[in-house]
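**Student:** If it helps, the file is called coords-v1.txt and holds compact mmCIF, C-alpha atoms:
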# COMPACT_ATOMS: atom_id res chain seq x y z
CA ASP A 256 -43.89 48.25 1.21
CA ASP A 257 -41.12 47.11 3.58
CA PRO A 258 -38.28 45.36 1.66
CA ASP A 259 -36.17 44.89 4.82
CA ALA A 260 -38.99 43.09 6.62
CA VAL A 261 -39.61 40.87 3.56
CA LEU A 262 -35.91 39.98 3.31
CA ARG A 263 -35.80 39.13 7.02
CA GLN A 264 -38.87 36.91 6.65
CA MET A 265 -37.39 35.21 3.57
CA TRP A 266 -34.12 34.59 5.42
CA GLN A 267 -35.98 33.16 8.43
CA GLU A 268 -38.10 30.85 6.26
CA ALA A 269 -35.06 29.73 4.25
CA TYR A 270 -33.21 28.96 7.49
CA GLU A 271 -36.15 26.96 8.87
CA THR A 272 -36.44 25.06 5.59
CA LYS A 273 -32.74 24.22 5.70
CA GLN A 274 -33.12 22.84 9.22
CA ILE A 275 -36.01 20.63 8.13
CA VAL A 276 -34.23 19.17 5.10
CA ALA A 277 -30.72 18.92 6.61
CA PRO A 278 -29.24 15.43 6.11
CA ARG A 279 -29.77 13.21 9.15
CA ASN A 280 -26.11 12.17 9.23
CA LEU A 281 -25.07 15.73 10.13
CA VAL A 282 -26.85 15.63 13.49
CA SER A 283 -26.95 12.93 16.15
CA ASP A 284 -29.08 12.71 19.27
CA MET A 285 -27.18 10.23 21.42
CA ALA A 286 -30.11 10.02 23.82
CA SER A 287 -32.32 8.47 21.16
CA ASN A 288 -29.96 6.33 19.02
CA VAL A 289 -28.56 3.96 21.64
CA GLN A 290 -29.97 0.88 19.89
CA GLU A 291 -28.52 2.00 16.56
CA ARG A 292 -25.07 2.29 18.17
CA ARG A 293 -25.40 -1.19 19.69
CA GLU A 294 -26.36 -2.64 16.32
CA ARG A 295 -23.47 -0.87 14.59
CA TYR A 296 -20.98 -2.48 16.97
CA ASN A 297 -22.58 -5.93 16.68
CA ALA A 298 -22.65 -5.75 12.88
CA ASP A 299 -18.94 -4.97 12.95
CA LEU A 300 -18.28 -8.20 14.91
CA ASP A 301 -19.18 -10.10 11.74
CA ASN A 302 -16.47 -8.21 9.81
CA PRO A 303 -13.31 -8.31 11.92
CA ASN A 304 -11.06 -7.37 9.03
CA LEU A 305 -11.26 -4.26 6.86
CA LEU A 306 -13.95 -1.64 7.27
CA GLY A 307 -12.64 0.42 4.36
CA VAL A 308 -10.36 0.32 1.33
CA THR A 309 -7.02 -1.42 1.72
CA PHE A 310 -3.80 0.57 1.85
CA GLY A 311 -2.02 -2.43 0.36
CA LEU A 312 0.18 -2.82 3.45
CA ALA A 313 -0.97 -5.50 5.89
CA GLU A 314 0.37 -3.78 9.02
CA LEU A 315 -1.24 -0.46 8.14
CA ASP A 316 -4.55 -2.16 7.26
CA GLU A 317 -4.51 -4.02 10.57
CA HIS A 318 -3.86 -0.81 12.49
CA THR A 319 -6.41 1.40 10.68
CA ARG A 320 -8.86 -1.23 9.36
CA GLY A 321 -8.67 0.49 6.00
CA LEU A 322 -9.57 3.86 4.57
CA ARG A 323 -13.26 4.50 5.23
CA PRO A 324 -15.64 6.43 2.93
CA GLY A 325 -15.02 10.16 3.17
CA GLU A 326 -11.60 9.79 4.80
CA LEU A 327 -8.39 11.33 3.48
CA ALA A 328 -4.93 9.86 3.95
CA ALA A 329 -1.68 11.55 2.97
CA VAL A 330 1.77 10.00 2.58
CA ALA A 331 4.55 12.45 3.36
CA ALA A 332 8.26 11.75 2.98
CA ARG A 333 11.42 13.03 1.35
CA THR A 334 11.96 12.52 -2.37
CA LYS A 335 12.81 9.10 -3.79
CA VAL A 336 11.80 7.06 -0.74
CA GLY A 337 8.72 5.26 -2.13
CA LYS A 338 5.65 7.52 -1.99
CA SER A 339 4.66 6.68 -5.57
CA TRP A 340 5.28 3.00 -4.85
CA ILE A 341 2.87 3.13 -1.90
CA LEU A 342 0.14 4.70 -4.07
CA ALA A 343 0.71 2.22 -6.90
CA ASN A 344 0.62 -0.65 -4.39
CA CYS A 345 -2.63 0.70 -2.94
CA PHE A 346 -4.05 0.88 -6.48
CA VAL A 347 -3.08 -2.75 -7.17
CA SER A 348 -4.39 -4.02 -3.82
CA ALA A 349 -7.71 -2.22 -4.20
CA HIS A 350 -8.14 -3.54 -7.75
CA LYS A 351 -7.34 -7.10 -6.67
CA THR A 352 -10.08 -6.94 -4.02
CA GLY A 353 -12.67 -6.00 -6.64
CA LEU A 354 -12.74 -2.25 -6.04
CA ARG A 355 -12.41 0.43 -8.70
CA PRO A 356 -9.46 2.71 -7.92
CA LEU A 357 -8.60 5.82 -9.92
CA LEU A 358 -4.97 6.94 -9.82
CA TYR A 359 -4.01 10.48 -10.82
CA THR A 360 -0.34 10.52 -11.77
CA LEU A 361 0.44 14.23 -11.85
CA GLU A 362 4.23 14.13 -11.96
CA MET A 363 5.11 10.80 -13.56
CA ASP A 364 3.82 10.11 -17.08
CA ILE A 365 1.18 7.42 -17.62
CA PRO A 366 3.39 4.79 -19.37
CA GLU A 367 5.91 4.85 -16.51
CA MET A 368 3.17 4.47 -13.89
CA GLU A 369 1.59 1.66 -15.95
CA ASP A 370 4.93 -0.18 -15.95
CA ARG A 371 5.28 0.22 -12.18
CA ILE A 372 1.74 -1.08 -11.62
CA ASP A 373 2.33 -4.03 -13.96
CA CYS A 374 5.41 -4.99 -11.93
CA LEU A 375 3.61 -4.64 -8.60
CA TYR A 376 0.61 -6.60 -9.87
CA SER A 377 2.81 -9.44 -11.10
CA GLY A 378 5.42 -9.34 -8.35
CA VAL A 379 8.37 -8.89 -10.72
CA SER A 380 11.25 -6.50 -10.13
CA TYR A 381 10.73 -3.03 -11.59
CA SER A 382 14.50 -2.56 -11.64
CA LYS A 383 14.92 -5.69 -13.77
CA PHE A 384 11.95 -4.62 -15.89
CA ILE A 385 13.41 -1.22 -16.84
CA LYS A 386 16.76 -2.86 -17.62
CA ARG A 387 14.93 -5.45 -19.75
CA GLU A 388 16.46 -8.28 -17.72
CA LEU A 389 13.29 -10.27 -16.92
CA SER A 390 13.55 -14.04 -17.12
CA LEU A 391 11.11 -16.11 -19.16
CA ASP A 392 9.26 -17.04 -15.94
CA GLU A 393 9.01 -13.37 -14.94
CA MET A 394 7.76 -12.39 -18.40
CA THR A 395 5.08 -15.08 -18.08
CA ARG A 396 4.02 -13.77 -14.67
CA LEU A 397 3.92 -10.23 -16.05
CA ASP A 398 1.72 -11.30 -18.96
CA GLN A 399 -0.60 -13.26 -16.64
CA ALA A 400 -0.96 -10.24 -14.37
CA ARG A 401 -1.87 -8.02 -17.32
CA THR A 402 -4.50 -10.55 -18.40
CA GLU A 403 -5.92 -10.74 -14.85
CA MET A 404 -6.19 -6.96 -14.70
CA GLN A 405 -7.90 -6.90 -18.09
CA GLU A 406 -10.43 -9.53 -17.04
CA ALA A 407 -11.08 -7.91 -13.65
CA GLY A 408 -12.34 -4.70 -15.23
CA LEU A 409 -11.73 -0.97 -15.24
CA ALA A 410 -8.46 0.22 -13.70
CA PRO A 411 -8.06 3.85 -14.80
CA LEU A 412 -5.04 6.12 -14.60
CA ALA A 413 -5.32 9.81 -15.45
CA ARG A 414 -2.89 12.67 -15.95
CA PRO A 415 -4.92 15.87 -16.32
CA GLU A 416 -3.26 18.92 -17.80
CA ARG A 417 -2.31 21.97 -15.76
CA GLY A 418 -5.45 23.95 -14.98
CA ASP A 419 -7.53 20.76 -14.75
CA ARG A 420 -5.82 19.46 -11.61
CA THR A 421 -8.06 21.04 -9.01
CA VAL A 422 -9.52 18.92 -6.23
CA ARG A 423 -13.01 19.78 -7.48
CA MET A 424 -12.34 18.62 -11.05
CA MET A 425 -10.57 15.43 -10.03
CA THR A 426 -13.19 14.38 -7.47
CA THR A 427 -15.95 15.10 -9.98
CA GLN A 428 -14.22 12.91 -12.56
CA ALA A 429 -13.72 10.17 -9.96
CA ARG A 430 -17.45 10.20 -9.15
CA GLN A 431 -18.35 10.12 -12.85
CA MET A 432 -16.12 7.08 -13.33
CA GLY A 433 -17.62 5.33 -10.32
CA ALA A 434 -14.29 5.14 -8.48
CA ASP A 435 -14.30 3.62 -5.00
CA ILE A 436 -11.01 5.31 -4.12
CA MET A 437 -9.09 8.24 -5.60
CA LEU A 438 -5.30 8.27 -5.39
CA VAL A 439 -3.24 11.34 -6.26
CA ASP A 440 0.49 11.02 -6.86
CA GLN A 441 2.12 14.34 -6.01
CA LEU A 442 -0.17 16.61 -4.05
CA SER A 443 2.20 19.50 -4.74
CA TRP A 444 1.15 19.36 -8.41
CA ILE A 445 -2.53 19.98 -7.63
CA ASP A 446 -3.86 23.32 -8.94
CA ALA A 447 -5.31 25.77 -6.44
CA GLU A 448 -8.68 27.26 -7.34
CA GLN A 449 -7.64 30.67 -6.10
CA HIS A 450 -4.50 32.51 -5.11
CA TYR A 451 -3.70 32.20 -1.42
CA THR A 452 -1.46 34.63 0.39
CA GLY A 453 -0.15 34.62 3.91
CA ASP A 454 2.44 36.10 6.20
CA LYS A 455 6.02 35.26 5.41
CA ALA A 456 7.95 33.41 8.10
Spit out the file's structure as structure tokens when you get a sec.
**Tutor:**
Amino acid sequence: DDPDAVLRQMWQEAYETKQIVAPRNLVSDMASNVQERRERYNADLDNPNLLGVTFGLAELDEHTRGLRPGELAAVAARTKVGKSWILANCFVSAHKTGLRPLLYTLEMDIPEMEDRIDCLYSGVSYSKFIKRELSLDEMTRLDQARTEMQEAGLAPLARPERGDRTVRMMTTQARQMGADIMLVDQLSWIDAEQHYTGDKA
């Protein structure tokens, strides 16, 4: 008889239900979780090194203690100064510690990124590699590194086509593949899910 009253009641009940089932990690009562906070600090004393995924750079890892679950890090710099190298190095370091990284190479093609990762993994010069000037010892190290990566397990690279490069699609794929960390080389190549407009400067 009164649709407005029914809708108001439904909204109120839905709101109350949402409050009841809201995840506990979204709300904290610091008056009642003192012991939990003490235990969290003490547990961390047993792990003085990384708390999260390595960046592959010792100084940065020491300063940040790694990239923690749910965190986002961005590398910004001018062109041709090593942003892709940092991501590839992070990929290699994470894989060597037993994690499963997923690297999206949106600008560079997959074979070129594979070659860069092979060189970082083995410690041989990428410049000498692309000029085909590796010594016999370096070729041996490169082959050993490839074998180590093969034996260690999944180390995926992906280069989705335009239209499939949204944050939603890439994070969904990363979850499906069981990735511990998702790396994206060239944020400017990510597809927006809608058209954004704004005032011109």
**Student:** Using all atoms listed in the file, find the one residue out of A:Ser382, A:Glu314, A:Asp373, A:Ala413 that sits nearest to Gln399 (chain A).
**Tutor:**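 Distance minimum relative to Gln399 (chain A) lands on A:Asp373.
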**Student:** Mind pulling up the distance from CA of Arg414 (chain A) to CA of Ile372 (chain A)?
**Tutor:**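 Between these atoms lies a distance of 15.1 Å.
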**Student:** What's the 12 Å shell around region 364-367 of chain A, counting all atoms listed in the file, without same-chain residues fewer than 3 positions away, as a list in words?
**Tutor:**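 The contact residues come out as Ser339, Trp340, Ala343, Leu358, Tyr359, Thr360, Leu361, Asp370, Arg371, Ile372, Asp373, Cys374, Tyr381, Phe384, Ile385, Pro411, Leu412, Ala413, Arg414, Pro415, Glu416, Asp440 and Gln441 of chain A.
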**Student:** Based on the selection just made, write C-alpha atoms of those residues as a PDB file, in the coordinates of the input.
**Tutor:**
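Dumped to part_11.pdb:
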ATOM      1  CA  SER A 339       4.660   6.680  -5.570  1.00  0.00           C
ATOM      2  CA  TRP A 340       5.280   3.000  -4.850  1.00  0.00           C
ATOM      3  CA  ALA A 343       0.710   2.220  -6.900  1.00  0.00           C
ATOM      4  CA  LEU A 358      -4.970   6.940  -9.820  1.00  0.00           C
ATOM      5  CA  TYR A 359      -4.010  10.480 -10.820  1.00  0.00           C
ATOM      6  CA  THR A 360      -0.340  10.520 -11.770  1.00  0.00           C
ATOM      7  CA  LEU A 361       0.440  14.230 -11.850  1.00  0.00           C
ATOM      8  CA  ASP A 370       4.930  -0.180 -15.950  1.00  0.00           C
ATOM      9  CA  ARG A 371       5.280   0.220 -12.180  1.00  0.00           C
ATOM     10  CA  ILE A 372       1.740  -1.080 -11.620  1.00  0.00           C
ATOM     11  CA  ASP A 373       2.330  -4.030 -13.960  1.00  0.00           C
ATOM     12  CA  CYS A 374       5.410  -4.990 -11.930  1.00  0.00           C
ATOM     13  CA  TYR A 381      10.730  -3.030 -11.590  1.00  0.00           C
ATOM     14  CA  PHE A 384      11.950  -4.620 -15.890  1.00  0.00           C
ATOM     15  CA  ILE A 385      13.410  -1.220 -16.840  1.00  0.00           C
ATOM     16  CA  PRO A 411      -8.060   3.850 -14.800  1.00  0.00           C
ATOM     17  CA  LEU A 412      -5.040   6.120 -14.600  1.00  0.00           C
ATOM     18  CA  ALA A 413      -5.320   9.810 -15.450  1.00  0.00           C
ATOM     19  CA  ARG A 414      -2.890  12.670 -15.950  1.00  0.00           C
ATOM     20  CA  PRO A 415      -4.920  15.870 -16.320  1.00  0.00           C
ATOM     21  CA  GLU A 416      -3.260  18.920 -17.800  1.00  0.00           C
ATOM     22  CA  ASP A 440       0.490  11.020  -6.860  1.00  0.00           C
ATOM     23  CA  GLN A 441       2.120  14.340  -6.010  1.00  0.00           C
TER      24      GLN A 441
END
**Student:** Env of region 325-335 of chain A: 10 Å cut, atoms = all atoms listed in the file, seq-sep filter 2 positions within chain, self excluded. Answer as a list in words.
**Tutor:**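 Listing them by chain and then by number gives Gly307, Phe310, Gly321, Leu322, Arg323, Gly337, Lys338, Ser339, Trp340, Ile341, Leu342, Ile436, Met437, Leu438, Val439, Asp440, Gln441 and Leu442 of chain A.
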**Student:** With a distance cut-off of 12 Å and all atoms listed in the file, select the neighbouring residues of Gly408 (chain A), excluding the residue or stretch itself and same-chain residues fewer than 2 positions from it, and output the selection as an mmCIF file with C-alpha atoms, in the coordinates of the input.
**Tutor:**
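Output file selection.cif follows:
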data_model
loop_
_atom_site.group_PDB
_atom_site.id
_atom_site.type_symbol
_atom_site.label_atom_id
_atom_site.label_comp_id
_atom_site.auth_asym_id
_atom_site.auth_seq_id
_atom_site.Cartn_x
_atom_site.Cartn_y
_atom_site.Cartn_z
ATOM 1 C CA HIS A 350 -8.140 -3.540 -7.750
ATOM 2 C CA LYS A 351 -7.340 -7.100 -6.670
ATOM 3 C CA THR A 352 -10.080 -6.940 -4.020
ATOM 4 C CA GLY A 353 -12.670 -6.000 -6.640
ATOM 5 C CA LEU A 354 -12.740 -2.250 -6.040
ATOM 6 C CA ARG A 355 -12.410 0.430 -8.700
ATOM 7 C CA PRO A 356 -9.460 2.710 -7.920
ATOM 8 C CA ARG A 401 -1.870 -8.020 -17.320
ATOM 9 C CA THR A 402 -4.500 -10.550 -18.400
ATOM 10 C CA GLU A 403 -5.920 -10.740 -14.850
ATOM 11 C CA MET A 404 -6.190 -6.960 -14.700
ATOM 12 C CA GLN A 405 -7.900 -6.900 -18.090
ATOM 13 C CA GLU A 406 -10.430 -9.530 -17.040
ATOM 14 C CA ALA A 410 -8.460 0.220 -13.700
ATOM 15 C CA PRO A 411 -8.060 3.850 -14.800
#
**Student:** Of the residues A:Arg263, A:Arg292, A:Lys383, A:Arg420, which is the one nearest to Ile445 (chain A), using all atoms listed in the file?
**Tutor:**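 Answer, going by the shortest atom-to-atom distance: A:Arg420.
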**Student:** Pick from A:Val276, A:Ala286, A:Arg417, A:Trp266: nearest to Glu362 (chain A), with only C-alpha atoms counted?
**Tutor:**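 Result for the nearest residue to Glu362 (chain A): A:Arg417.
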**Student:** Mind giving me the straight-line distance from CA of Ser443 (chain A) to CA of Glu369 (chain A) in Å, one decimal?
**Tutor:**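 Pair CA of Ser443 (chain A) / CA of Glu369 (chain A) returns 21.1 Å.
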**Student:** Figure out the distance between CA of Val422 (chain A) and CA of Ala434 (chain A), please, to one decimal in Å.
**Tutor:** 14.8 Å
**Student:** Return the single residue from A:Cys345, A:Leu397, A:Val261, A:Val336 that is closest to Ala313 (chain A), with distances computed using only C-alpha atoms.
**Tutor:**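 Of A:Cys345, A:Leu397, A:Val261, A:Val336, the one nearest Ala313 (chain A), counting only C-alpha atoms, is A:Cys345.
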**Student:** Output, as AutoDock Vina command-line options, the centre and edge lengths in Å (one decimal) of the axis-aligned box that contains all listed atoms of region 348-353 of chain A with 4 Å of margin on each side.
**Tutor:**
--center_x -8.5 --center_y -4.7 --center_z -5.8 --size_x 16.3 --size_y 12.9 --size_z 11.9
**Student:** Which is closest to Ala429 (chain A) among A:Ala269, A:Leu357, A:Ala260, A:Leu281, if we use all atoms listed in the file?
**Tutor:**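 The closest residue to Ala429 (chain A) is A:Leu357.
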**Student:** Considering all atoms listed in the file, state which residue in the set A:Val379, A:Asn288, A:Leu409, A:Val347 is at the smallest distance from Met432 (chain A).
**Tutor:**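 Nearest to Met432 (chain A): A:Leu409.
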